[in-house]
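*Asks:* Dropping in start-v4.cif, which is mmCIF, C-alpha atoms and all ligand atoms:
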```cif
data_run
loop_
_atom_site.label_atom_id
_atom_site.label_comp_id
_atom_site.auth_asym_id
_atom_site.auth_seq_id
_atom_site.Cartn_x
_atom_site.Cartn_y
_atom_site.Cartn_z
CA MET A 787 -58.48 43.35 -21.87
CA ALA A 788 -55.93 40.87 -20.74
CA TRP A 789 -56.29 39.38 -17.32
CA PHE A 790 -52.60 39.00 -16.87
CA LYS A 791 -49.93 41.32 -17.97
CA LYS A 792 -47.05 39.57 -19.52
CA GLU A 793 -43.83 40.56 -17.91
CA LYS A 794 -40.87 40.89 -20.15
CA TYR A 795 -38.40 38.13 -19.50
CA THR A 796 -34.96 39.17 -18.60
CA THR A 797 -31.94 37.00 -18.92
CA LEU A 798 -30.25 36.23 -15.64
CA LYS A 799 -26.56 36.75 -15.72
CA PRO A 800 -24.41 34.25 -13.81
CA PRO A 801 -22.98 35.88 -10.72
CA VAL A 802 -19.38 36.91 -10.93
CA MET A 803 -17.52 34.30 -8.90
CA LYS A 804 -14.92 36.54 -7.41
CA ASP A 805 -14.48 34.43 -4.34
CA ARG A 806 -14.58 31.13 -6.14
CA ILE A 807 -12.29 28.52 -4.59
CA PRO A 808 -9.60 27.51 -7.04
CA GLU A 809 -9.79 23.89 -8.06
CA GLY A 810 -7.80 21.50 -5.90
CA LEU A 811 -7.36 23.91 -3.02
CA TRP A 812 -9.55 21.80 -0.76
CA THR A 813 -9.79 18.05 -0.37
CA LYS A 814 -12.79 16.28 1.07
CA CYS A 815 -12.05 13.47 3.53
CA GLU A 816 -13.62 10.29 2.18
CA ASN A 817 -14.44 9.15 5.72
CA CYS A 818 -15.78 12.18 7.64
CA PHE A 819 -16.47 14.41 4.58
CA ASN A 820 -14.75 17.37 6.18
CA LEU A 821 -12.95 19.76 3.91
CA VAL A 822 -9.26 20.14 4.52
CA LEU A 823 -6.77 22.36 2.75
CA THR A 824 -5.06 20.18 0.15
CA LYS A 825 -1.69 21.63 1.16
CA ASP A 826 -2.23 20.61 4.82
CA PHE A 827 -3.66 17.26 3.73
CA GLU A 828 -0.57 16.46 1.69
CA GLU A 829 1.79 17.70 4.38
CA ASN A 830 -0.02 15.36 6.75
CA LEU A 831 0.75 12.44 4.36
CA LYS A 832 -2.92 12.28 3.26
CA VAL A 833 -4.15 11.48 6.75
CA CYS A 834 -7.27 13.43 7.78
CA LYS A 835 -6.44 15.62 10.78
CA LYS A 836 -10.04 15.53 11.97
CA CYS A 837 -10.81 11.79 11.91
CA ASN A 838 -7.35 10.25 11.37
CA HIS A 839 -8.50 8.40 8.25
CA HIS A 840 -5.52 7.22 6.22
CA HIS A 841 -6.26 7.89 2.55
CA ARG A 842 -4.60 5.73 -0.03
CA LEU A 843 -1.16 6.76 -1.26
CA THR A 844 0.09 6.09 -4.77
CA ALA A 845 3.15 3.87 -5.09
CA ARG A 846 5.26 6.92 -5.95
CA GLU A 847 4.08 8.79 -2.86
CA ARG A 848 4.76 5.71 -0.75
CA ILE A 849 8.32 5.40 -2.04
CA ALA A 850 8.91 9.12 -1.53
CA MET A 851 7.64 8.78 2.02
CA LEU A 852 9.70 5.73 3.00
CA ALA A 853 12.92 5.83 0.99
CA ASP A 854 15.52 8.48 1.65
CA GLU A 855 15.47 11.09 -1.07
CA GLY A 856 17.13 9.97 -4.28
CA THR A 857 18.09 6.51 -2.99
CA PHE A 858 15.43 4.39 -4.69
CA GLN A 859 16.71 2.50 -7.72
CA GLU A 860 14.14 0.44 -9.55
CA MET A 861 15.07 -3.16 -10.43
CA PHE A 862 13.62 -5.97 -12.54
CA SER A 863 11.46 -3.59 -14.58
CA ASN A 864 12.40 -5.74 -17.58
CA VAL A 865 9.87 -8.31 -16.30
CA GLN A 866 6.85 -7.26 -18.32
CA PRO A 867 3.24 -8.49 -18.44
CA THR A 868 1.96 -10.79 -21.15
CA ASP A 869 -1.40 -12.40 -21.79
CA PRO A 870 -0.47 -16.10 -21.52
CA LEU A 871 -4.05 -17.40 -21.61
CA GLY A 872 -5.36 -15.01 -24.27
CA PHE A 873 -8.03 -14.20 -21.70
CA VAL A 874 -11.13 -12.29 -22.69
CA ASP A 875 -13.93 -11.22 -20.37
CA SER A 876 -15.89 -8.08 -21.23
CA LYS A 877 -12.70 -7.05 -23.05
CA PRO A 878 -9.38 -8.73 -23.83
CA TYR A 879 -6.88 -8.85 -20.97
CA SER A 880 -4.20 -7.37 -23.23
CA GLU A 881 -6.38 -4.28 -23.67
CA ARG A 882 -7.07 -4.14 -19.94
CA LEU A 883 -3.32 -4.12 -19.30
CA LYS A 884 -2.74 -1.28 -21.73
CA ALA A 885 -5.58 0.76 -20.20
CA ALA A 886 -4.22 0.13 -16.69
CA GLN A 887 -0.74 1.19 -17.76
CA LYS A 888 -2.09 4.40 -19.24
CA ALA A 889 -4.28 5.22 -16.24
CA SER A 890 -1.75 4.42 -13.52
CA GLY A 891 1.51 5.46 -15.16
CA HIS A 892 2.97 2.12 -14.00
CA ASP A 893 3.73 -0.95 -16.11
CA GLU A 894 2.54 -3.43 -13.45
CA ALA A 895 1.12 -3.72 -9.94
CA VAL A 896 4.42 -3.65 -8.08
CA VAL A 897 7.59 -1.56 -8.12
CA VAL A 898 10.70 -3.14 -6.62
CA GLY A 899 14.23 -1.93 -6.10
CA LYS A 900 17.00 -0.94 -3.75
CA ALA A 901 16.70 2.00 -1.38
CA GLU A 902 17.86 3.39 1.92
CA ILE A 903 15.54 3.89 4.88
CA ASP A 904 17.09 6.39 7.26
CA GLY A 905 20.48 5.45 5.85
CA ILE A 906 20.00 1.66 6.14
CA PRO A 907 20.13 -0.15 2.78
CA VAL A 908 17.09 -2.33 2.03
CA GLY A 909 15.32 -4.13 -0.78
CA LEU A 910 12.01 -2.29 -1.16
CA GLY A 911 8.86 -3.49 -2.89
CA VAL A 912 5.76 -1.30 -3.12
CA MET A 913 2.51 -2.53 -4.58
CA VAL A 914 0.61 -0.29 -6.99
CA PHE A 915 -3.05 -0.46 -6.01
CA GLU A 916 -3.94 1.89 -8.84
CA PHE A 917 -2.89 -0.84 -11.31
CA VAL A 918 -5.77 -3.39 -11.54
CA GLY A 919 -6.38 -3.18 -7.77
CA GLY A 920 -2.81 -4.19 -6.95
CA SER A 921 -3.63 -7.70 -8.12
CA MET A 922 -0.88 -10.31 -8.15
CA GLY A 923 -0.24 -11.79 -11.57
CA SER A 924 2.93 -13.41 -12.90
CA VAL A 925 4.82 -10.12 -13.03
CA VAL A 926 4.07 -9.14 -9.43
CA GLY A 927 5.08 -12.62 -8.26
CA GLU A 928 8.23 -12.68 -10.38
CA ARG A 929 9.41 -9.18 -9.42
CA ILE A 930 8.77 -9.86 -5.73
CA THR A 931 10.57 -13.23 -5.98
CA ARG A 932 13.58 -11.69 -7.73
CA LEU A 933 13.72 -8.97 -5.08
CA ILE A 934 13.61 -11.62 -2.32
CA GLU A 935 16.35 -13.61 -4.07
CA TYR A 936 18.47 -10.48 -4.46
CA CYS A 937 18.02 -9.71 -0.75
CA THR A 938 18.94 -13.32 0.09
CA GLU A 939 22.09 -13.16 -2.01
CA TYR A 940 23.30 -9.83 -0.62
CA SER A 941 21.87 -10.19 2.94
CA LEU A 942 19.83 -7.06 2.39
CA PRO A 943 16.84 -6.53 4.72
CA LEU A 944 13.56 -6.68 2.83
CA VAL A 945 10.61 -4.30 3.17
CA ILE A 946 7.41 -4.88 1.20
CA VAL A 947 4.45 -2.50 1.33
CA SER A 948 1.31 -4.35 0.28
CA ALA A 949 -1.97 -3.02 -1.11
CA SER A 950 -3.87 -5.62 -3.02
CA GLY A 951 -7.25 -7.08 -3.81
CA GLY A 952 -5.68 -10.50 -4.41
CA ALA A 953 -4.79 -12.69 -7.37
CA ARG A 954 -5.06 -11.50 -10.99
CA MET A 955 -8.06 -13.50 -12.20
CA GLN A 956 -7.20 -13.01 -15.85
CA GLU A 957 -4.04 -15.06 -15.39
CA GLY A 958 -5.83 -18.00 -13.76
CA ILE A 959 -3.62 -20.63 -12.16
CA LEU A 960 -0.45 -18.77 -13.17
CA SER A 961 -1.48 -16.04 -10.79
CA LEU A 962 -2.19 -18.48 -7.94
CA MET A 963 1.22 -20.11 -8.43
CA GLN A 964 2.85 -16.84 -7.38
CA MET A 965 1.71 -17.48 -3.82
CA ALA A 966 3.80 -20.64 -3.56
CA LYS A 967 6.72 -19.10 -5.45
CA THR A 968 7.02 -15.99 -3.27
CA SER A 969 6.53 -18.03 -0.08
CA GLY A 970 9.25 -20.48 -1.13
CA ALA A 971 11.67 -17.64 -1.84
CA LEU A 972 10.89 -16.13 1.59
CA SER A 973 11.70 -19.39 3.34
CA ARG A 974 15.19 -19.25 1.79
CA LEU A 975 15.51 -15.64 2.96
CA ALA A 976 14.55 -16.76 6.47
CA GLU A 977 17.06 -19.64 6.38
CA LYS A 978 19.76 -17.07 5.74
CA LYS A 979 18.37 -15.02 8.65
CA VAL A 980 17.78 -11.92 6.56
CA PRO A 981 14.92 -9.86 8.06
CA PHE A 982 11.67 -9.14 6.25
CA ILE A 983 9.37 -6.35 7.37
CA SER A 984 5.90 -6.59 5.88
CA VAL A 985 3.81 -3.42 5.83
CA LEU A 986 0.09 -3.80 5.21
CA THR A 987 -1.94 -0.90 3.90
CA ASN A 988 -5.60 -0.59 3.00
CA PRO A 989 -6.56 -3.07 1.60
CA THR A 990 -4.32 -6.15 1.89
CA THR A 991 -6.42 -9.17 1.09
CA ALA A 992 -6.74 -12.57 -0.57
CA GLY A 993 -3.75 -14.11 -2.39
CA VAL A 994 -1.26 -11.45 -1.29
CA MET A 995 -2.33 -11.67 2.36
CA ALA A 996 -2.30 -15.47 2.10
CA SER A 997 1.31 -15.44 0.91
CA TYR A 998 4.16 -12.98 1.37
CA ALA A 999 2.25 -10.18 3.16
CA SER A 1000 1.63 -12.40 6.18
CA LEU A 1001 5.13 -13.93 6.26
CA GLY A 1002 7.07 -10.96 7.64
CA ASP A 1003 9.36 -11.35 10.63
CA VAL A 1004 7.54 -8.22 11.70
CA ILE A 1005 4.13 -7.32 10.30
CA ILE A 1006 3.07 -3.71 10.61
CA ALA A 1007 -0.22 -2.21 9.41
CA GLU A 1008 -1.59 1.27 8.98
CA PRO A 1009 -4.68 2.09 11.10
CA ASP A 1010 -8.12 0.98 9.97
CA ALA A 1011 -6.79 -0.96 6.95
CA LEU A 1012 -8.84 -3.85 5.60
CA ILE A 1013 -6.80 -7.00 6.15
CA GLY A 1014 -8.03 -10.51 5.47
CA PHE A 1015 -8.58 -13.24 2.94
CA ALA A 1016 -12.15 -13.09 1.65
CA GLY A 1017 -13.91 -9.75 2.09
CA PRO A 1018 -16.36 -9.22 4.99
CA ARG A 1019 -19.42 -9.22 2.72
CA VAL A 1020 -18.58 -12.62 1.25
CA ILE A 1021 -17.96 -14.08 4.72
CA GLN A 1022 -21.18 -12.65 6.08
CA GLN A 1023 -23.16 -14.16 3.22
CA THR A 1024 -21.40 -17.53 3.55
CA ILE A 1025 -21.77 -18.04 7.29
CA ASN A 1026 -25.03 -16.10 7.47
CA GLN A 1027 -24.04 -14.29 10.65
CA ILE A 1028 -23.49 -10.66 11.55
CA LEU A 1029 -19.78 -10.01 11.83
CA PRO A 1030 -18.33 -8.29 14.90
CA LYS A 1031 -17.62 -4.56 14.78
CA GLY A 1032 -14.31 -3.67 13.19
CA PHE A 1033 -13.96 -7.15 11.68
CA GLN A 1034 -10.86 -7.42 9.43
CA LYS A 1035 -9.65 -3.96 10.36
CA SER A 1036 -6.01 -3.56 11.48
CA GLU A 1037 -6.89 -3.03 15.14
CA PHE A 1038 -9.11 -6.15 15.18
CA VAL A 1039 -6.44 -8.21 13.40
CA LEU A 1040 -3.82 -6.96 15.90
CA GLU A 1041 -6.02 -7.98 18.81
CA HIS A 1042 -6.35 -11.47 17.30
CA GLY A 1043 -2.62 -11.94 16.98
CA PHE A 1044 -2.02 -11.70 13.24
CA LEU A 1045 -0.24 -8.37 13.40
CA ASP A 1046 2.65 -7.05 15.47
CA LYS A 1047 1.89 -3.36 15.41
CA VAL A 1048 -0.52 -0.77 14.05
CA VAL A 1049 1.43 2.34 13.19
CA HIS A 1050 0.24 5.82 12.22
CA ARG A 1051 1.60 6.80 8.82
CA LYS A 1052 3.65 9.66 10.26
CA ASP A 1053 5.58 7.14 12.41
CA LEU A 1054 5.93 4.45 9.77
CA LYS A 1055 9.40 5.28 8.48
CA LYS A 1056 10.69 5.78 12.02
CA THR A 1057 9.23 2.43 13.11
CA ILE A 1058 10.70 0.55 10.14
CA ALA A 1059 14.09 2.14 10.86
CA LEU A 1060 13.81 1.04 14.49
CA PHE A 1061 13.11 -2.58 13.49
CA LEU A 1062 15.91 -2.47 10.93
CA HIS A 1063 18.21 -1.32 13.72
CA TYR A 1064 17.04 -4.15 15.97
CA PHE A 1065 17.58 -6.74 13.24
CA THR A 1066 20.83 -5.52 11.70
CA GLY A 1067 22.46 -3.44 14.41
CA GLN A 1068 22.96 -0.61 11.91
CA LYS A 1069 22.38 2.89 13.22
CA PRO A 1070 19.68 4.91 11.45
CA ARG A 1071 21.29 8.02 10.01
CA SER A 1072 19.04 10.50 11.82
CA TRP A 1073 19.60 8.99 15.27
CA SER A 1074 21.71 10.56 17.97
CA ASP A 1075 23.90 8.40 20.21
CA GLU A 1076 21.31 8.82 22.99
CA GLU A 1077 18.64 7.34 20.74
CA VAL A 1078 20.83 4.30 20.05
CA THR A 1079 21.29 3.77 23.80
CA GLU A 1080 17.58 4.25 24.41
CA ALA A 1081 16.69 1.75 21.67
CA SER A 1082 19.03 -0.88 23.05
CA GLU A 1083 17.61 -0.39 26.54
CA ASN A 1084 14.06 -0.78 25.20
CA ARG A 1085 15.15 -3.85 23.30
CA VAL A 1086 16.47 -5.46 26.49
CA SER A 1087 13.35 -4.59 28.48
CA ALA A 1088 11.11 -5.86 25.65
ZN ZN B 1101 -11.76 12.75 8.03
#
```
Could you express the structure from this file as structure tokens?
*Replies:*
Amino acid sequence: MAWFKKEKYTTLKPPVMKDRIPEGLWTKCENCFNLVLTKDFEENLKVCKKCNHHHRLTARERIAMLADEGTFQEMFSNVQPTDPLGFVDSKPYSERLKAAQKASGHDEAVVVGKAEIDGIPVGLGVMVFEFVGGSMGSVVGERITRLIEYCTEYSLPLVIVSASGGARMQEGILSLMQMAKTSGALSRLAEKKVPFISVLTNPTTAGVMASYASLGDVIIAEPDALIGFAGPRVIQQTINQILPKGFQKSEFVLEHGFLDKVVHRKDLKKTIALFLHYFTGQKPRSWSDEEVTEASENRVSA
């Protein structure tokens, strides 16, 4: 007689997922982990409605957000990356470039061109963080410099949106040289009194922050963006001290005088248009006559 009766195993059928959420319908906020409807999230320019965290935008989304529809014309895309040092780390730099091009859909870490922002013509440069962390190699430096020179020649206001981890290590000194080159070009732009609005997004650090990103006539940042030269962890280890709360975040940098304004993404285009109006006297297309009067009154009182 058996002590235990063997039950017959039955195969469990997976439940029918009638109410399954279709993929991509919800997006999880990377800061507060709340779920938000992807449609609402995108309508809100990828800013979390619950905690106000500004998620990273791709360069294409950034251009679509800032430039008036259909006005962006890419320039200097003929400047293409090479591997001047024949650099190899865990894999050859040339292979890294190809992989980055495939993954990001961009040929380099910056897109530059002409555009209109609320009807005002500008030279617009947008860094592509999704391409090797928006690092500045020879191509980024050269495209930015050519854009600056174009703006100098045609007295076109310049707007650059930065997002970068710094210099492109695989290009060594050639990458560091871009800091001096872009800064030199900007000094000629300034001599001609052509305005430059620098927009810093998360993160803007190292070689880019130490050159053109910090040389704007007006420097605007998105909230809570990491802005600095070396990252907080490196600084903490070097000086062996606990860093203050919010160190290297936009609001902290603003308080310490390195920024002019922290602007919510939904107000960014409006704010840039306002500064363009102040600098050039041109009227943003969407403004009423009352808004022009109001702006000039604010300008006087400021
Ligand atoms: Zn959130």
*Asks:* Hey, which residues sit close to ligand ZN 1101 (chain B)? Say within 6 Å, counting all atoms listed in the file, and write them as a ChimeraX atom specification.
*Replies:* /A:815,817-818,820,834,836-837,839
*Asks:* Can you write just those residues out, C-alpha atoms, as a compact mmCIF listing (two decimals), in the coordinates of the input?
*Replies:*
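Result written to out_30.txt:
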```txt
# COMPACT_ATOMS: atom_id res chain seq x y z
CA CYS A 815 -12.05 13.47 3.53
CA ASN A 817 -14.44 9.15 5.72
CA CYS A 818 -15.78 12.18 7.64
CA ASN A 820 -14.75 17.37 6.18
CA CYS A 834 -7.27 13.43 7.78
CA LYS A 836 -10.04 15.53 11.97
CA CYS A 837 -10.81 11.79 11.91
CA HIS A 839 -8.50 8.40 8.25
```
*Asks:* Determine, counting only C-alpha atoms, which protein, DNA and RNA residues have an atom within 12 Å of an atom of A:Arg882; residues of the same chain fewer than 4 positions away are not included. Present the result as a VMD selection string.
*Replies:* chain A and resid 867 to 869 872 to 878 886 to 890 893 to 894 917 to 918 954 956
*Asks:* May I have the protein, DNA and RNA residues with any atom at most 10 Å from the point (12.6, 3.4, -5.4), counting only C-alpha atoms, written as a short mmCIF file (atom, residue, chain, number, x, y, z; two decimals) with C-alpha atoms, keeping the file's coordinate frame?
*Replies:*
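Heads up, here's the output in point.cif:
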```cif
data_model
loop_
_atom_site.label_atom_id
_atom_site.label_comp_id
_atom_site.auth_asym_id
_atom_site.auth_seq_id
_atom_site.Cartn_x
_atom_site.Cartn_y
_atom_site.Cartn_z
CA ALA A 845 3.15 3.87 -5.09
CA ARG A 846 5.26 6.92 -5.95
CA ARG A 848 4.76 5.71 -0.75
CA ILE A 849 8.32 5.40 -2.04
CA ALA A 850 8.91 9.12 -1.53
CA LEU A 852 9.70 5.73 3.00
CA ALA A 853 12.92 5.83 0.99
CA ASP A 854 15.52 8.48 1.65
CA GLU A 855 15.47 11.09 -1.07
CA GLY A 856 17.13 9.97 -4.28
CA THR A 857 18.09 6.51 -2.99
CA PHE A 858 15.43 4.39 -4.69
CA GLN A 859 16.71 2.50 -7.72
CA GLU A 860 14.14 0.44 -9.55
CA MET A 861 15.07 -3.16 -10.43
CA VAL A 897 7.59 -1.56 -8.12
CA VAL A 898 10.70 -3.14 -6.62
CA GLY A 899 14.23 -1.93 -6.10
CA LYS A 900 17.00 -0.94 -3.75
CA ALA A 901 16.70 2.00 -1.38
CA GLU A 902 17.86 3.39 1.92
CA GLY A 909 15.32 -4.13 -0.78
CA LEU A 910 12.01 -2.29 -1.16
CA GLY A 911 8.86 -3.49 -2.89
CA VAL A 912 5.76 -1.30 -3.12
#
```
*Asks:* Nearest to A:Ser997: which of A:Ala1011, A:Leu1045, A:Leu942, A:Ala953 is it, counting only C-alpha atoms?
*Replies:*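 The shortest atom-to-atom distance to A:Ser997 comes from A:Ala953.
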*Asks:* Atom CA of A:Leu883 and atom CA of A:Thr987 are how many Å apart?
*Replies:*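 Distance reported for this atom pair: 23.5 Å.
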*Asks:* Which value, in Å to one decimal, gives the distance between atom CA of A:Phe1038 and atom CA of A:Thr990?
*Replies:* 14.1 Å
*Asks:* Atom CA of A:Ser948 and atom CA of A:Gly920, how far apart in Å?
*Replies:*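 That distance, rounded to one decimal, is 8.3 Å.
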*Asks:* Measuring atom to atom with all atoms listed in the file, identify which of A:His1063, A:His840, A:Lys967, A:Lys825 is nearest to A:Ile983.
*Replies:*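 Comparing A:His1063, A:His840, A:Lys967, A:Lys825 against A:Ile983, the winner is A:His1063.
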*Asks:* Find, counting all atoms listed in the file, the residue in A:Ala1016, A:Val925, A:Ile1021, A:Ile934 that gets nearest to A:Phe982.
*Replies:*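 Using all atoms listed in the file, A:Phe982 sits closest to A:Ile934.
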*Asks:* Determine, counting only C-alpha atoms, which protein, DNA and RNA residues have an atom within 7 Å of an atom of stretch 998-1003 of chain A; residues of the same chain fewer than 2 positions away are not included. Present the result as a tab-separated table (two decimals) with C-alpha atoms, in the coordinates of the input.
*Replies:*
```tsv
chain	number	residue	atom	x	y	z
A	948	SER	CA	1.31	-4.35	0.28
A	968	THR	CA	7.02	-15.99	-3.27
A	969	SER	CA	6.53	-18.03	-0.08
A	981	PRO	CA	14.92	-9.86	8.06
A	982	PHE	CA	11.67	-9.14	6.25
A	983	ILE	CA	9.37	-6.35	7.37
A	984	SER	CA	5.90	-6.59	5.88
A	994	VAL	CA	-1.26	-11.45	-1.29
A	995	MET	CA	-2.33	-11.67	2.36
A	996	ALA	CA	-2.30	-15.47	2.10
A	1005	ILE	CA	4.13	-7.32	10.30
```
*Asks:* Applying 12 Å and only C-alpha atoms, which residues near A:Asp1053 remain after dropping the ones on its own chain fewer than 4 positions away? List them as a short mmCIF file (atom, residue, chain, number, x, y, z; two decimals) with C-alpha atoms, keeping the file's coordinate frame.
*Replies:*
```cif
data_model
loop_
_atom_site.label_atom_id
_atom_site.label_comp_id
_atom_site.auth_asym_id
_atom_site.auth_seq_id
_atom_site.Cartn_x
_atom_site.Cartn_y
_atom_site.Cartn_z
CA ASN A 830 -0.02 15.36 6.75
CA LEU A 831 0.75 12.44 4.36
CA MET A 851 7.64 8.78 2.02
CA LEU A 852 9.70 5.73 3.00
CA ILE A 1006 3.07 -3.71 10.61
CA ALA A 1007 -0.22 -2.21 9.41
CA GLU A 1008 -1.59 1.27 8.98
CA PRO A 1009 -4.68 2.09 11.10
CA LYS A 1047 1.89 -3.36 15.41
CA VAL A 1048 -0.52 -0.77 14.05
CA VAL A 1049 1.43 2.34 13.19
CA THR A 1057 9.23 2.43 13.11
CA ILE A 1058 10.70 0.55 10.14
CA ALA A 1059 14.09 2.14 10.86
CA LEU A 1060 13.81 1.04 14.49
#
```
*Asks:* Tell me which of A:Pro989, A:Gly919, A:Gly952, A:Gly927 sits closest to A:Ala966, counting all atoms listed in the file.
*Replies:*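 Looking at the shortest contact to A:Ala966, the residue is A:Gly927.
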*Asks:* Considering only C-alpha atoms, return as a VMD selection string whatever protein or nucleic-acid residues lie within 12 Å of A:Trp1073, sequence-local ones (same chain, fewer than 4 positions apart) excluded.
*Replies:* chain A and resid 904 to 906 1056 1059 to 1060 1063 1068 to 1069 1077 to 1081
*Asks:* The centre and edge lengths of an axis-aligned box containing all atoms of stretch 826-841 of chain A present in the file, extended by 4 Å on each side, are to be given in Å to one decimal, as AutoDock Vina command-line options.
*Replies:*
```
--center_x -4.5 --center_y 13.9 --center_z 6.8 --size_x 20.6 --size_y 21.4 --size_z 18.3
```
*Asks:* Which of these, A:Leu1029, A:Leu960, A:Leu986, A:Met913, has the shortest distance to A:His1050 once you count only C-alpha atoms?
*Replies:* A:Leu986
*Asks:* Taking the block just given, write stretch 868-892 of chain A to a file that holds C-alpha atoms, as a PDB file, in the first residue's frame.
*Replies:*
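After the write, result.pdb holds the following:
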```pdb
ATOM      1  CA  THR A 868      37.618  59.973 -39.675  1.00  0.00           C
ATOM      2  CA  ASP A 869      39.972  58.032 -37.435  1.00  0.00           C
ATOM      3  CA  PRO A 870      43.076  60.247 -37.604  1.00  0.00           C
ATOM      4  CA  LEU A 871      45.001  58.416 -34.872  1.00  0.00           C
ATOM      5  CA  GLY A 872      44.000  54.883 -35.865  1.00  0.00           C
ATOM      6  CA  PHE A 873      42.876  54.586 -32.248  1.00  0.00           C
ATOM      7  CA  VAL A 874      42.070  51.207 -30.765  1.00  0.00           C
ATOM      8  CA  ASP A 875      40.820  50.562 -27.243  1.00  0.00           C
ATOM      9  CA  SER A 876      38.622  47.529 -26.638  1.00  0.00           C
ATOM     10  CA  LYS A 877      37.699  47.935 -30.310  1.00  0.00           C
ATOM     11  CA  PRO A 878      38.871  50.176 -33.151  1.00  0.00           C
ATOM     12  CA  TYR A 879      37.495  53.720 -33.133  1.00  0.00           C
ATOM     13  CA  SER A 880      36.407  53.336 -36.765  1.00  0.00           C
ATOM     14  CA  GLU A 881      34.151  50.451 -35.702  1.00  0.00           C
ATOM     15  CA  ARG A 882      32.854  52.453 -32.750  1.00  0.00           C
ATOM     16  CA  LEU A 883      31.880  55.250 -35.137  1.00  0.00           C
ATOM     17  CA  LYS A 884      30.015  52.885 -37.430  1.00  0.00           C
ATOM     18  CA  ALA A 885      28.165  51.318 -34.493  1.00  0.00           C
ATOM     19  CA  ALA A 886      27.242  54.761 -33.143  1.00  0.00           C
ATOM     20  CA  GLN A 887      25.973  55.844 -36.549  1.00  0.00           C
ATOM     21  CA  LYS A 888      23.818  52.751 -36.805  1.00  0.00           C
ATOM     22  CA  ALA A 889      22.434  53.037 -33.271  1.00  0.00           C
ATOM     23  CA  SER A 890      21.728  56.774 -33.306  1.00  0.00           C
ATOM     24  CA  GLY A 891      20.713  57.343 -36.922  1.00  0.00           C
ATOM     25  CA  HIS A 892      23.082  60.347 -36.936  1.00  0.00           C
TER      26      HIS A 892
END
```
